[in-house]
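Asks: What follows is data_0.txt, compact mmCIF, C-alpha atoms and all ligand atoms.
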# COMPACT_ATOMS: atom_id res chain seq x y z
CA MET A 1 46.31 -70.52 50.86
CA LEU A 2 45.71 -71.99 54.34
CA ILE A 3 44.39 -69.78 57.14
CA GLN A 4 44.21 -71.05 60.71
CA GLY A 5 42.47 -69.64 63.77
CA ARG A 6 39.32 -69.50 65.80
CA LEU A 7 36.63 -68.96 63.19
CA LEU A 8 34.01 -66.25 63.76
CA THR A 9 31.43 -67.98 61.58
CA ASP A 10 28.62 -66.82 63.87
CA PRO A 11 29.36 -63.86 66.16
CA ALA A 12 26.62 -65.03 68.54
CA SER A 13 28.66 -68.17 69.37
CA PRO A 14 32.25 -68.39 70.63
CA PRO A 15 34.71 -68.78 67.75
CA SER A 16 35.93 -72.36 67.52
CA PRO A 17 39.34 -73.64 66.33
CA GLY A 18 39.45 -74.35 62.63
CA TRP A 19 40.98 -73.55 59.27
CA VAL A 20 40.06 -72.16 55.87
CA ARG A 21 41.56 -73.12 52.53
CA THR A 22 41.22 -70.61 49.69
CA GLU A 23 41.52 -71.18 45.96
CA GLY A 24 41.11 -68.71 43.11
CA GLY A 25 39.98 -65.91 45.43
CA ARG A 26 37.23 -67.98 47.08
CA ILE A 27 36.89 -70.10 50.18
CA ALA A 28 37.31 -73.67 48.96
CA GLU A 29 37.13 -75.57 52.28
CA VAL A 30 36.37 -74.85 55.93
CA GLY A 31 37.45 -77.35 58.58
CA GLU A 32 37.24 -77.79 62.33
CA GLY A 33 40.19 -78.35 64.65
CA ALA A 34 43.83 -78.38 63.57
CA PRO A 35 44.70 -78.13 59.85
CA PRO A 36 44.92 -81.49 58.04
CA ARG A 37 48.29 -83.29 58.17
CA SER A 38 49.54 -80.55 60.56
CA GLU A 39 50.16 -78.23 57.58
CA ARG A 40 51.67 -74.88 58.48
CA PRO A 41 49.21 -72.03 57.86
CA ASP A 42 50.09 -69.12 55.54
CA VAL A 43 48.02 -66.78 57.72
CA GLY A 44 46.96 -66.89 61.37
CA GLY A 45 47.74 -69.61 63.88
CA PRO A 46 45.97 -71.43 66.70
CA ASP A 47 45.34 -68.20 68.67
CA ALA A 48 44.24 -65.90 65.82
CA ILE A 49 40.58 -64.89 65.47
CA ILE A 50 39.44 -65.21 61.84
CA SER A 51 36.59 -62.88 60.85
CA PRO A 52 35.00 -62.07 57.52
CA ALA A 53 36.27 -58.68 56.32
CA PHE A 54 33.82 -55.80 56.81
CA VAL A 55 31.20 -54.50 54.39
CA ASP A 56 30.18 -50.81 54.39
CA ALA A 57 26.72 -50.08 52.95
CA HIS A 58 27.20 -46.34 52.40
CA LEU A 59 30.20 -44.06 51.84
CA HIS A 60 31.49 -41.29 49.56
CA ILE A 61 34.97 -41.90 48.12
CA PRO A 62 35.53 -38.20 47.18
CA GLN A 63 34.84 -37.13 50.77
CA PHE A 64 37.60 -39.17 52.45
CA ASP A 65 39.65 -36.02 53.03
CA SER A 66 36.68 -34.05 54.42
CA VAL A 67 36.07 -35.77 57.76
CA GLY A 68 35.64 -33.59 60.83
CA CYS A 69 34.40 -30.26 59.39
CA ASP A 70 32.03 -29.74 62.28
CA GLY A 71 29.35 -27.27 63.34
CA MET A 72 26.99 -27.15 60.36
CA PRO A 73 23.64 -28.76 59.60
CA LEU A 74 23.36 -30.99 56.53
CA LEU A 75 22.44 -28.50 53.80
CA GLU A 76 25.01 -25.89 54.89
CA TRP A 77 27.68 -28.61 55.30
CA LEU A 78 26.97 -29.85 51.76
CA HIS A 79 27.44 -26.36 50.32
CA ARG A 80 30.44 -25.33 52.43
CA VAL A 81 32.37 -28.60 52.74
CA VAL A 82 31.18 -31.35 50.39
CA PHE A 83 30.49 -29.50 47.17
CA PRO A 84 33.89 -27.71 47.20
CA ALA A 85 35.62 -31.06 47.95
CA GLU A 86 33.76 -32.79 45.12
CA THR A 87 34.54 -29.90 42.77
CA TRP A 88 38.24 -30.29 43.59
CA TRP A 89 37.97 -34.06 43.04
CA GLY A 90 36.68 -33.42 39.54
CA VAL A 91 39.53 -31.12 38.53
CA GLY A 92 42.45 -33.27 39.63
CA GLY A 93 42.00 -34.36 43.23
CA HIS A 94 40.50 -37.75 42.38
CA ALA A 95 43.74 -39.76 42.02
CA ASN A 96 45.21 -38.93 45.44
CA ILE A 97 41.89 -39.06 47.25
CA THR A 98 40.93 -42.42 45.73
CA THR A 99 44.33 -43.92 46.57
CA GLY A 100 44.00 -42.65 50.14
CA ALA A 101 40.44 -43.95 50.43
CA ILE A 102 41.41 -47.43 49.19
CA ARG A 103 44.29 -47.60 51.66
CA ARG A 104 42.19 -46.45 54.61
CA LEU A 105 39.44 -48.95 53.78
CA VAL A 106 41.94 -51.81 53.50
CA ARG A 107 43.72 -50.74 56.70
CA GLN A 108 40.42 -50.88 58.59
CA GLY A 109 39.43 -54.24 57.08
CA THR A 110 36.60 -53.01 54.82
CA PHE A 111 36.88 -54.99 51.59
CA ALA A 112 33.39 -54.37 50.17
CA PHE A 113 31.18 -51.31 50.03
CA ALA A 114 28.38 -49.43 48.32
CA GLY A 115 29.37 -45.89 47.51
CA TYR A 116 29.26 -42.66 45.58
CA LEU A 117 31.78 -40.89 43.35
CA THR A 118 30.99 -37.41 42.01
CA SER A 119 29.04 -36.15 39.02
CA HIS A 120 32.25 -35.95 36.92
CA ALA A 121 32.21 -38.80 34.40
CA GLU A 122 35.90 -38.53 33.51
CA ALA A 123 37.23 -38.49 37.07
CA SER A 124 34.74 -41.19 38.06
CA ARG A 125 35.96 -43.39 35.22
CA ALA A 126 39.54 -43.02 36.48
CA ALA A 127 38.48 -43.80 40.07
CA ILE A 128 36.60 -46.90 38.93
CA GLY A 129 39.77 -48.13 37.21
CA MET A 130 41.68 -47.66 40.48
CA LEU A 131 38.98 -49.49 42.45
CA GLU A 132 39.08 -52.36 39.96
CA ARG A 133 42.83 -52.67 40.34
CA SER A 134 42.58 -52.55 44.15
CA GLY A 135 40.53 -55.76 44.22
CA LEU A 136 37.92 -54.22 46.55
CA ARG A 137 34.36 -55.29 45.90
CA CYS A 138 31.92 -52.45 45.41
CA ALA A 139 28.73 -51.11 43.94
CA VAL A 140 29.75 -47.62 42.97
CA GLY A 141 28.46 -44.93 40.69
CA ARG A 142 28.77 -41.47 39.33
CA VAL A 143 26.46 -39.07 41.21
CA ALA A 144 23.50 -37.78 39.21
CA MET A 145 22.57 -34.17 40.09
CA ASP A 146 21.35 -31.25 38.02
CA ARG A 147 20.21 -28.49 40.42
CA GLU A 148 20.57 -26.76 43.83
CA ALA A 149 24.35 -27.19 43.78
CA PRO A 150 27.29 -25.39 42.12
CA GLU A 151 27.49 -25.29 38.34
CA GLU A 152 30.67 -27.44 38.42
CA LEU A 153 28.68 -30.32 39.87
CA THR A 154 25.41 -29.97 37.94
CA ARG A 155 26.90 -29.15 34.54
CA GLU A 156 27.31 -32.68 33.22
CA ASP A 157 23.74 -33.81 33.85
CA ARG A 158 22.36 -30.54 32.49
CA TRP A 159 24.48 -30.95 29.38
CA ARG A 160 23.37 -34.55 28.97
CA ALA A 161 19.74 -33.49 29.22
CA SER A 162 20.29 -30.82 26.56
CA GLN A 163 21.36 -33.56 24.12
CA ARG A 164 17.85 -35.06 23.95
CA PRO A 165 16.44 -37.08 22.29
CA THR A 166 19.70 -39.07 22.64
CA PRO A 167 21.48 -37.97 25.79
CA SER A 168 24.61 -39.84 26.85
CA PRO A 169 23.95 -42.54 29.46
CA VAL A 170 23.13 -41.38 32.95
CA LEU A 171 25.25 -44.29 34.18
CA GLU A 172 28.46 -42.92 32.71
CA PRO A 173 31.27 -43.76 33.37
CA HIS A 174 30.37 -47.45 33.47
CA GLY A 175 29.67 -47.32 29.77
CA PHE A 176 26.15 -48.65 30.04
CA GLY A 177 24.48 -48.53 26.68
CA ARG A 178 27.71 -48.06 24.73
CA SER A 179 29.19 -51.54 24.74
CA GLY A 180 25.87 -53.22 25.44
CA GLY A 181 27.59 -54.68 28.51
CA SER A 182 25.30 -55.90 31.24
CA VAL A 183 25.01 -53.75 34.30
CA ALA A 184 25.00 -56.84 36.52
CA SER A 185 28.53 -57.63 35.41
CA GLY A 186 29.59 -54.05 35.86
CA GLY A 187 28.25 -52.61 32.62
CA GLY A 188 31.74 -52.42 31.19
CA ALA A 189 33.47 -52.30 34.57
CA GLY A 190 35.58 -55.22 35.75
CA GLY A 191 35.00 -58.21 38.05
CA ARG A 192 34.44 -56.89 41.56
CA VAL A 193 33.13 -53.43 40.66
CA GLU A 194 29.40 -53.22 39.99
CA ALA A 195 27.71 -50.22 38.40
CA SER A 196 25.20 -48.26 40.45
CA ALA A 197 22.94 -45.30 39.68
CA ASN A 198 23.29 -42.60 42.35
CA PRO A 199 20.75 -39.79 42.18
CA ARG A 200 22.18 -37.63 45.02
CA PHE A 201 18.85 -36.81 46.67
CA ALA A 202 15.52 -35.31 45.60
CA ILE A 203 16.70 -31.75 46.25
CA ALA A 204 19.54 -32.03 43.72
CA CYS A 205 17.59 -33.94 41.04
CA SER A 206 14.98 -32.55 38.68
CA GLU A 207 11.88 -34.61 37.87
CA GLU A 208 13.39 -35.34 34.43
CA LEU A 209 16.58 -36.73 35.94
CA LEU A 210 14.68 -38.88 38.47
CA ALA A 211 12.45 -40.14 35.66
CA GLU A 212 15.46 -41.12 33.56
CA ILE A 213 17.02 -43.07 36.42
CA GLY A 214 13.65 -44.63 37.23
CA TRP A 215 13.41 -45.85 33.63
CA LEU A 216 16.88 -47.39 33.91
CA ALA A 217 15.97 -49.02 37.22
CA ARG A 218 12.87 -50.60 35.71
CA GLU A 219 14.84 -51.86 32.70
CA ARG A 220 17.50 -53.36 34.96
CA PRO A 221 16.12 -54.86 38.18
CA SER A 222 19.64 -55.97 39.19
CA LEU A 223 21.01 -52.41 39.00
CA VAL A 224 21.92 -50.99 42.42
CA VAL A 225 20.31 -47.57 42.99
CA GLN A 226 21.66 -45.44 45.84
CA THR A 227 20.21 -42.22 47.19
CA HIS A 228 19.63 -40.26 50.41
CA LEU A 229 16.23 -40.03 52.08
CA ALA A 230 14.90 -37.99 55.02
CA GLU A 231 18.27 -37.40 56.69
CA SER A 232 17.47 -34.00 58.26
CA ARG A 233 14.31 -32.00 58.93
CA ASP A 234 15.50 -29.04 56.81
CA GLU A 235 16.07 -31.39 53.89
CA CYS A 236 12.54 -32.80 54.27
CA ALA A 237 11.09 -29.26 54.34
CA ARG A 238 12.91 -28.34 51.09
CA VAL A 239 11.64 -31.53 49.42
CA ARG A 240 8.08 -30.58 50.40
CA GLU A 241 8.61 -27.20 48.67
CA LEU A 242 10.08 -28.77 45.53
CA PHE A 243 7.53 -31.59 45.26
CA PRO A 244 4.31 -30.08 46.69
CA ASP A 245 2.04 -32.64 45.03
CA ASP A 246 3.66 -35.73 46.54
CA ALA A 247 2.21 -37.08 49.78
CA HIS A 248 5.67 -37.46 51.28
CA TYR A 249 9.42 -37.62 50.50
CA THR A 250 9.45 -41.41 50.06
CA GLY A 251 6.55 -41.04 47.62
CA VAL A 252 8.75 -38.85 45.36
CA TYR A 253 11.19 -41.70 44.81
CA ASP A 254 8.35 -44.20 44.48
CA ARG A 255 6.63 -42.10 41.79
CA PHE A 256 9.75 -42.51 39.65
CA GLY A 257 10.08 -46.26 40.27
CA LEU A 258 13.16 -45.87 42.44
CA LEU A 259 12.02 -47.99 45.37
CA ARG A 260 12.90 -51.63 44.72
CA ALA A 261 14.92 -54.49 46.18
CA ARG A 262 18.31 -53.24 45.03
CA THR A 263 17.73 -49.65 46.17
CA ILE A 264 19.77 -48.41 49.13
CA LEU A 265 18.22 -45.46 50.95
CA ALA A 266 20.70 -43.71 53.25
CA HIS A 267 19.64 -42.28 56.64
CA CYS A 268 15.79 -42.28 56.83
CA CYS A 269 15.71 -40.50 60.20
CA HIS A 270 12.39 -38.72 59.61
CA LEU A 271 9.80 -41.06 58.12
CA ALA A 272 6.04 -41.17 58.70
CA PRO A 273 4.44 -44.60 59.26
CA GLU A 274 3.15 -44.65 55.66
CA GLU A 275 6.69 -44.15 54.41
CA TRP A 276 8.02 -47.05 56.49
CA ALA A 277 5.20 -49.23 55.14
CA LEU A 278 5.95 -48.22 51.55
CA ILE A 279 9.68 -48.98 51.88
CA ALA A 280 8.82 -52.38 53.39
CA GLU A 281 6.37 -53.14 50.59
CA ARG A 282 8.91 -52.28 47.89
CA GLY A 283 11.67 -54.28 49.65
CA ALA A 284 14.20 -51.43 49.52
CA VAL A 285 17.11 -51.38 51.99
CA ILE A 286 17.85 -48.57 54.44
CA ALA A 287 21.51 -47.76 55.12
CA HIS A 288 21.54 -46.66 58.74
CA CYS A 289 24.47 -44.27 59.29
CA PRO A 290 24.60 -43.63 63.04
CA GLY A 291 27.93 -41.78 63.20
CA ALA A 292 26.94 -39.40 60.41
CA ASN A 293 23.51 -38.72 61.89
CA VAL A 294 25.09 -37.67 65.19
CA PHE A 295 27.88 -35.66 63.53
CA LEU A 296 25.40 -33.53 61.56
CA ARG A 297 22.79 -33.70 64.35
CA ALA A 298 20.45 -34.90 61.62
CA GLY A 299 18.34 -37.28 63.70
CA LEU A 300 18.17 -40.49 65.73
CA PHE A 301 17.33 -43.49 63.56
CA ASP A 302 14.34 -45.51 64.79
CA LEU A 303 15.34 -49.19 64.91
CA ASN A 304 11.95 -50.04 66.47
CA ALA A 305 10.08 -48.70 63.44
CA ALA A 306 12.40 -50.63 61.12
CA ARG A 307 11.76 -53.85 63.03
CA ASP A 308 7.99 -53.26 63.40
CA HIS A 309 7.58 -52.58 59.66
CA GLY A 310 9.94 -55.38 58.61
CA VAL A 311 12.27 -53.04 56.70
CA ARG A 312 15.70 -54.39 55.73
CA ILE A 313 18.55 -52.47 57.37
CA ALA A 314 22.22 -52.17 56.48
CA LEU A 315 24.91 -50.15 58.25
CA GLY A 316 27.01 -47.42 56.65
CA SER A 317 29.94 -45.24 57.66
CA ASP A 318 28.77 -42.38 55.41
CA VAL A 319 32.25 -40.88 55.30
CA ALA A 320 32.62 -37.85 55.43
CA ALA A 321 29.49 -37.01 57.44
CA GLY A 322 30.39 -40.14 59.39
CA PRO A 323 33.78 -39.69 61.05
CA ASP A 324 34.75 -43.39 61.19
CA VAL A 325 36.02 -45.45 58.29
CA ALA A 326 36.32 -48.44 60.66
CA MET A 327 33.09 -50.45 60.60
CA PRO A 328 33.51 -51.74 64.20
CA ARG A 329 33.31 -48.06 65.26
CA VAL A 330 30.18 -47.59 63.14
CA ALA A 331 28.71 -50.71 64.77
CA ARG A 332 29.51 -49.26 68.18
CA ALA A 333 27.87 -45.94 67.16
CA MET A 334 24.72 -47.88 66.23
CA ILE A 335 24.61 -49.38 69.74
CA GLU A 336 25.30 -46.03 71.40
CA VAL A 337 22.60 -44.22 69.41
CA ALA A 338 20.16 -46.99 70.29
CA LYS A 339 21.10 -46.70 73.99
CA SER A 340 20.56 -42.90 73.80
CA ARG A 341 17.08 -43.55 72.41
CA ALA A 342 16.44 -46.02 75.22
CA MET A 343 17.49 -43.39 77.79
CA CYS A 344 15.81 -40.36 76.25
CA VAL A 345 13.02 -41.42 73.89
CA ARG A 346 11.47 -44.75 74.86
CA ASP A 347 12.39 -47.39 77.43
CA ASP A 348 11.76 -50.21 75.01
CA ALA A 349 14.06 -48.90 72.25
CA VAL A 350 15.75 -51.75 70.38
CA VAL A 351 19.42 -51.93 71.44
CA PRO A 352 21.50 -54.34 69.30
CA THR A 353 23.96 -56.63 71.07
CA PRO A 354 27.66 -56.54 70.09
CA ALA A 355 27.17 -59.88 68.29
CA GLU A 356 24.24 -58.47 66.29
CA ALA A 357 26.31 -55.39 65.45
CA TRP A 358 29.26 -57.54 64.26
CA GLU A 359 26.86 -59.63 62.19
CA ALA A 360 25.50 -56.39 60.67
CA ILE A 361 28.92 -55.21 59.44
CA THR A 362 29.75 -58.58 57.88
CA ARG A 363 27.06 -61.00 56.65
CA GLY A 364 24.13 -58.63 57.33
CA ASN A 365 25.47 -55.86 55.10
CA ALA A 366 26.51 -58.34 52.41
CA ASP A 367 23.01 -59.83 52.31
CA ALA A 368 21.38 -56.40 52.27
CA LEU A 369 23.54 -55.39 49.30
CA GLY A 370 22.60 -58.60 47.46
CA TRP A 371 26.02 -60.25 47.88
CA ALA A 372 25.18 -63.72 49.18
CA ASP A 373 28.81 -64.75 48.67
CA ALA A 374 30.41 -62.03 50.82
CA GLY A 375 30.76 -61.26 54.53
CA ARG A 376 30.88 -64.90 55.68
CA ILE A 377 33.17 -67.86 56.24
CA GLU A 378 31.63 -70.50 54.01
CA PRO A 379 32.78 -72.62 51.07
CA GLY A 380 32.09 -70.68 47.87
CA ALA A 381 32.22 -67.24 49.50
CA SER A 382 34.82 -64.64 48.49
CA ALA A 383 38.01 -65.16 50.46
CA ASP A 384 37.87 -61.73 52.14
CA LEU A 385 39.11 -62.44 55.64
CA LEU A 386 40.86 -60.80 58.58
CA ALA A 387 43.19 -62.49 61.05
CA LEU A 388 42.80 -60.63 64.36
CA ARG A 389 45.34 -60.75 67.18
CA VAL A 390 43.67 -60.17 70.55
CA PRO A 391 44.99 -60.35 74.13
CA GLU A 392 44.47 -63.77 75.70
CA THR A 393 42.24 -62.23 78.39
CA TRP A 394 39.68 -61.19 75.73
CA ARG A 395 38.87 -64.76 74.76
CA ASP A 396 35.69 -65.02 76.80
CA GLU A 397 31.97 -64.47 76.27
CA ASN A 398 32.61 -60.71 75.80
CA LEU A 399 35.04 -61.10 72.91
CA ILE A 400 32.89 -59.22 70.37
CA GLY A 401 32.08 -56.39 72.78
CA ARG A 402 35.78 -56.08 73.59
CA LEU A 403 36.61 -55.90 69.88
CA LEU A 404 33.99 -53.21 69.24
CA TYR A 405 34.82 -51.01 72.19
CA ASN A 406 38.61 -51.36 71.92
CA TRP A 407 38.73 -51.27 68.14
CA ASP A 408 42.03 -50.25 66.61
CA ASP A 409 43.41 -51.34 63.25
CA SER A 410 46.45 -52.74 65.07
CA LEU A 411 44.15 -55.62 66.08
CA ILE A 412 44.34 -56.81 62.46
CA ALA A 413 47.40 -59.07 62.09
CA ALA A 414 46.76 -59.99 58.43
CA ARG A 415 44.34 -59.05 55.66
CA VAL A 416 43.31 -61.56 52.97
CA LEU A 417 41.57 -59.88 50.03
CA ALA A 418 40.15 -62.21 47.38
CA GLY A 419 42.57 -64.90 48.55
CA ARG A 420 45.70 -62.73 48.59
CA ILE A 421 47.53 -61.16 51.55
CA VAL A 422 47.38 -57.37 51.14
CA ASP A 423 49.31 -54.52 52.76
CA PRO A 424 47.37 -51.24 53.13
CA ASP A 425 50.54 -49.20 52.62
CA THR A 426 51.31 -50.59 49.21
CA ILE A 427 47.96 -51.64 47.72
N1 LIG H 501 22.60 -35.84 51.10
C1 LIG H 501 22.90 -35.54 49.82
N2 LIG H 501 24.22 -35.65 49.59
C2 LIG H 501 24.78 -36.05 50.76
C3 LIG H 501 26.12 -36.35 51.15
O1 LIG H 501 27.08 -36.27 50.38
N3 LIG H 501 26.30 -36.74 52.45
C4 LIG H 501 25.26 -36.85 53.32
N4 LIG H 501 25.49 -37.23 54.58
N5 LIG H 501 24.00 -36.55 52.98
C5 LIG H 501 23.76 -36.16 51.71
ZN ZN H 502 25.83 -40.17 52.10
Output the file's structure as structure tokens, nothing else.

Replies:
Amino acid sequence: MLIQGRLLTDPASPPSPGWVRTEGGRIAEVGEGAPPRSERPDVGGPDAIISPAFVDAHLHIPQFDSVGCDGMPLLEWLHRVVFPAETWWGVGGHANITTGAIRRLVRQGTFAFAGYLTSHAEASRAAIGMLERSGLRCAVGRVAMDREAPEELTREDRWRASQRPTPSPVLEPHGFGRSGGSVASGGGAGGRVEASANPRFAIACSEELLAEIGWLARERPSLVVQTHLAESRDECARVRELFPDDAHYTGVYDRFGLLRARTILAHCCHLAPEEWALIAERGAVIAHCPGANVFLRAGLFDLNAARDHGVRIALGSDVAAGPDVAMPRVARAMIEVAKSRAMCVRDDAVVPTPAEAWEAITRGNADALGWADAGRIEPGASADLLALRVPETWRDENLIGRLLYNWDDSLIAARVLAGRIVDPDTI
């Protein structure tokens, strides 16, 4: 397939005319100027803007129908909104919700993500099959949780634990341990779906459950581990009650070997300097979720601390706490939260530029998730690309800012997923 347009290879520089040839789902060639031998493009044209598709570092597939339930702090919102939605997902809601989530992601140009399912192995297995067939790239896992939540959501991990000394794998439904399949190749899951272990957060996980996942994480350094850390103050206070002997919340995860390069820690709004230093030392990634943090009034993420401690940052929608599926809106929320900090907290607060924010939702997130072949326009990378149609007047030095602040999915003229044109209504 031949794609023509102004290539956004580096959002900090103006996109320059060029073309991309794809083969077998990957970018085979990237050229400057007009296509060779004046070939007609399959996608785009001289005036299209070609961007890598977006990558979302944190979302919850079962919560796609739960956006906008406002007015509650985190722990109350989990009990009144999220846990009922996840319970429904487990008893039949999963098929419709997963189809809807896939379509909304594709419509908004997100072709790769790291995410959570629910604690139901059977429904999660079905959702993973649907994700595999969609062609989306993801690190996704069943949620591990065995306490401080309704019986319907904690039952499976409690039952597993009762089967000792040979409990079924905590990584179900990826089949880890059954087929002997490697987790790096999906542990039984197909091509673009990678298994992850998702202990929900320390409140919902007993020491035994955290220890079991920590053991898995040590056995498999390439396994993605996803959890939530220090999102709200009430959450941090409950963790102090449940783990009185640990110096801090981050230390709980570290004690169980859960802080490592392929660990994604969502939120991290309330960390002490020692916790920042520990995360930096272990090389774990923080998924900053600005829209969600504002929605739940959980906290204002400190980009200065992240930069000063050299902690790797990714950007997540965190649907459904985050109201926006569209990553350009999440990128804009990051800038707006940073500007609020600059106005209200400290004059020298780091405020990302639009180009830095666009970089974050493409190559930056891909790198943070360990996908060196995603989120970029380069030979060898996955052919996950968007052809954008923008008004002629936008083609100036403010192009990226204009895209972020005027974002609407109607700006996407064509979507190329793994080298194929896809339609969000029929995928
Ligand atoms: N902490 C534990 N579970 C969740 C969740 O589903 N969403 C958010 N925003 N925070 C959490
Ligand atoms: Zn989350």

Asks: For ligand LIG 501 (chain H), take all atoms listed in the file, fit an axis-aligned box around them, add 5 Å to each of the six sides, then output centre and edge lengths in Å rounded to one decimal, as AutoDock Vina command-line options.

Replies:
--center_x 24.8 --center_y -36.4 --center_z 52.1 --size_x 14.5 --size_y 11.7 --size_z 15.0

Asks: With 12 Å as the cut-off and all atoms listed in the file counted, what is the closest atom pair between each nearby residue of stretch 225-285 of chain A and stretch 360-377 of chain A? Distances in Å to one decimal, ordered by chain and number, as JSON lines.

Replies:
{"residue": "A:Val225", "atom": "CA", "partner": "A:Leu369", "partner_atom": "CA", "distance": 10.6}
{"residue": "A:Gln226", "atom": "CA", "partner": "A:Leu369", "partner_atom": "CA", "distance": 10.7}
{"residue": "A:Ala261", "atom": "CA", "partner": "A:Gly370", "partner_atom": "CA", "distance": 8.8}
{"residue": "A:Arg262", "atom": "CA", "partner": "A:Leu369", "partner_atom": "CA", "distance": 7.1}
{"residue": "A:Thr263", "atom": "CA", "partner": "A:Leu369", "partner_atom": "CA", "distance": 8.7}
{"residue": "A:Ile264", "atom": "CA", "partner": "A:Leu369", "partner_atom": "CA", "distance": 7.9}
{"residue": "A:Leu265", "atom": "CA", "partner": "A:Leu369", "partner_atom": "CA", "distance": 11.4}
{"residue": "A:Gly283", "atom": "CA", "partner": "A:Ala368", "partner_atom": "CA", "distance": 10.3}
{"residue": "A:Ala284", "atom": "CA", "partner": "A:Ala368", "partner_atom": "CA", "distance": 9.2}
{"residue": "A:Val285", "atom": "CA", "partner": "A:Ala368", "partner_atom": "CA", "distance": 6.6}

Asks: Let me see the file: selected residues, C-alpha atoms, as a PDB file, keeping the file's coordinate frame.

Replies:
ATOM      1  CA  VAL A 225      20.310 -47.570  42.990  1.00  0.00           C
ATOM      2  CA  GLN A 226      21.660 -45.440  45.840  1.00  0.00           C
ATOM      3  CA  ALA A 261      14.920 -54.490  46.180  1.00  0.00           C
ATOM      4  CA  ARG A 262      18.310 -53.240  45.030  1.00  0.00           C
ATOM      5  CA  THR A 263      17.730 -49.650  46.170  1.00  0.00           C
ATOM      6  CA  ILE A 264      19.770 -48.410  49.130  1.00  0.00           C
ATOM      7  CA  LEU A 265      18.220 -45.460  50.950  1.00  0.00           C
ATOM      8  CA  GLY A 283      11.670 -54.280  49.650  1.00  0.00           C
ATOM      9  CA  ALA A 284      14.200 -51.430  49.520  1.00  0.00           C
ATOM     10  CA  VAL A 285      17.110 -51.380  51.990  1.00  0.00           C
TER      11      VAL A 285
END

Asks: I need the residue nearest A:Ala305 from this list: A:Val350, A:Leu278, A:Ile49, A:Ala333. Use all atoms listed in the file for the distance.

Replies: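 Once distances to A:Ala305 are computed over all atoms listed in the file, the minimum belongs to A:Val350.
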
Asks: Please identify all protein, DNA and RNA residues within 7 Å of ligand LIG 501 (chain H), counting all atoms listed in the file, and report them as a count of residues only.

Replies: 11

Asks: Between atom CA of A:Arg160 and atom CA of A:Glu194, what distance in Å does the model show, to one decimal?

Replies: 22.5 Å

Asks: Do you have the atom CA of A:Asp70-atom CA of A:Gly322 distance handy?

Replies: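 Between atom CA of A:Asp70 and atom CA of A:Gly322 the gap is 10.9 Å.
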
Asks: Please identify all polymer residues within 9 Å of A:Ser317, counting only C-alpha atoms, omitting same-chain residues fewer than 5 positions from it, and present them as a list in words.

Replies: Asp56, Ala57, His58, Leu59, His288, Cys289, Pro290, Gly291, Ala292, Gly322, Pro323, Asp324, Val325, Ala326, Met327, Arg329 and Val330 of chain A

Asks: Can you work out which one of A:Ala266, A:Ile61, A:Ala204, A:Cys236 has the shortest atom-to-atom distance to ligand ZN 502 (chain H), counting all atoms listed in the file?

Replies: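 Distance minimum relative to ligand ZN 502 (chain H) lands on A:Ala266.
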
Asks: Do you have the atom CA of A:Glu156-atom CA of A:Ser206 distance handy?

Replies: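 Rounded to one decimal, the two atoms are 13.5 Å apart.
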
Asks: Using all atoms listed in the file, which of A:Val337, A:Ala230, A:Ala127, A:Ala217 sits nearest ligand ZN 502 (chain H)?

Replies: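 Counting all atoms listed in the file, the residue closest to ligand ZN 502 (chain H) is A:Ala230.
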
Asks: With distances taken over all atoms listed in the file, which of A:Ala101, A:Leu223, A:Leu258, A:Leu403 is nearest to A:Pro11?

Replies: A:Leu403

Asks: Which residue out of A:Asn198, A:Ser410, A:Asn96, A:Gln4 has the minimum interatomic distance to A:Pro17 when all atoms listed in the file are used?

Replies: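 Ranked by minimum distance to A:Pro17, first place goes to A:Gln4.
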
Asks: Please identify all polymer residues lying at most 10 Å from the point (25.0, -65.2, 65.8) (file coordinates), using only C-alpha atoms, and present the result as a PyMOL selection string.

Replies: chain A and resi 8-14+355-359

Asks: From the set A:Gly45, A:Pro354, A:Gly401, A:Gly115, which residue has the shortest atom-to-atom contact distance to ligand ZN 502 (chain H), counting all atoms listed in the file?

Replies: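 Between A:Gly45, A:Pro354, A:Gly401, A:Gly115, the residue approaching ligand ZN 502 (chain H) most closely is A:Gly115.
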
Asks: Within 12 Å of (42.1, -55.5, 70.8), only C-alpha atoms: residues as a list in words?

Replies: Ala48, Ile49, Pro328, Leu388, Arg389, Val390, Pro391, Glu392, Thr393, Trp394, Arg395, Asn398, Leu399, Ile400, Gly401, Arg402, Leu403, Leu404, Tyr405, Asn406, Trp407, Asp408, Asp409, Ser410, Leu411, Ile412 and Ala413 of chain A

Asks: Extract, using all atoms listed in the file, all DNA, RNA and protein residues at most 8 Å from stretch 31-34 of chain A, discarding same-chain residues fewer than 2 positions from it, and format them as a PyMOL selection string.

Replies: chain A and resi 4+16-20+29+36+38+46
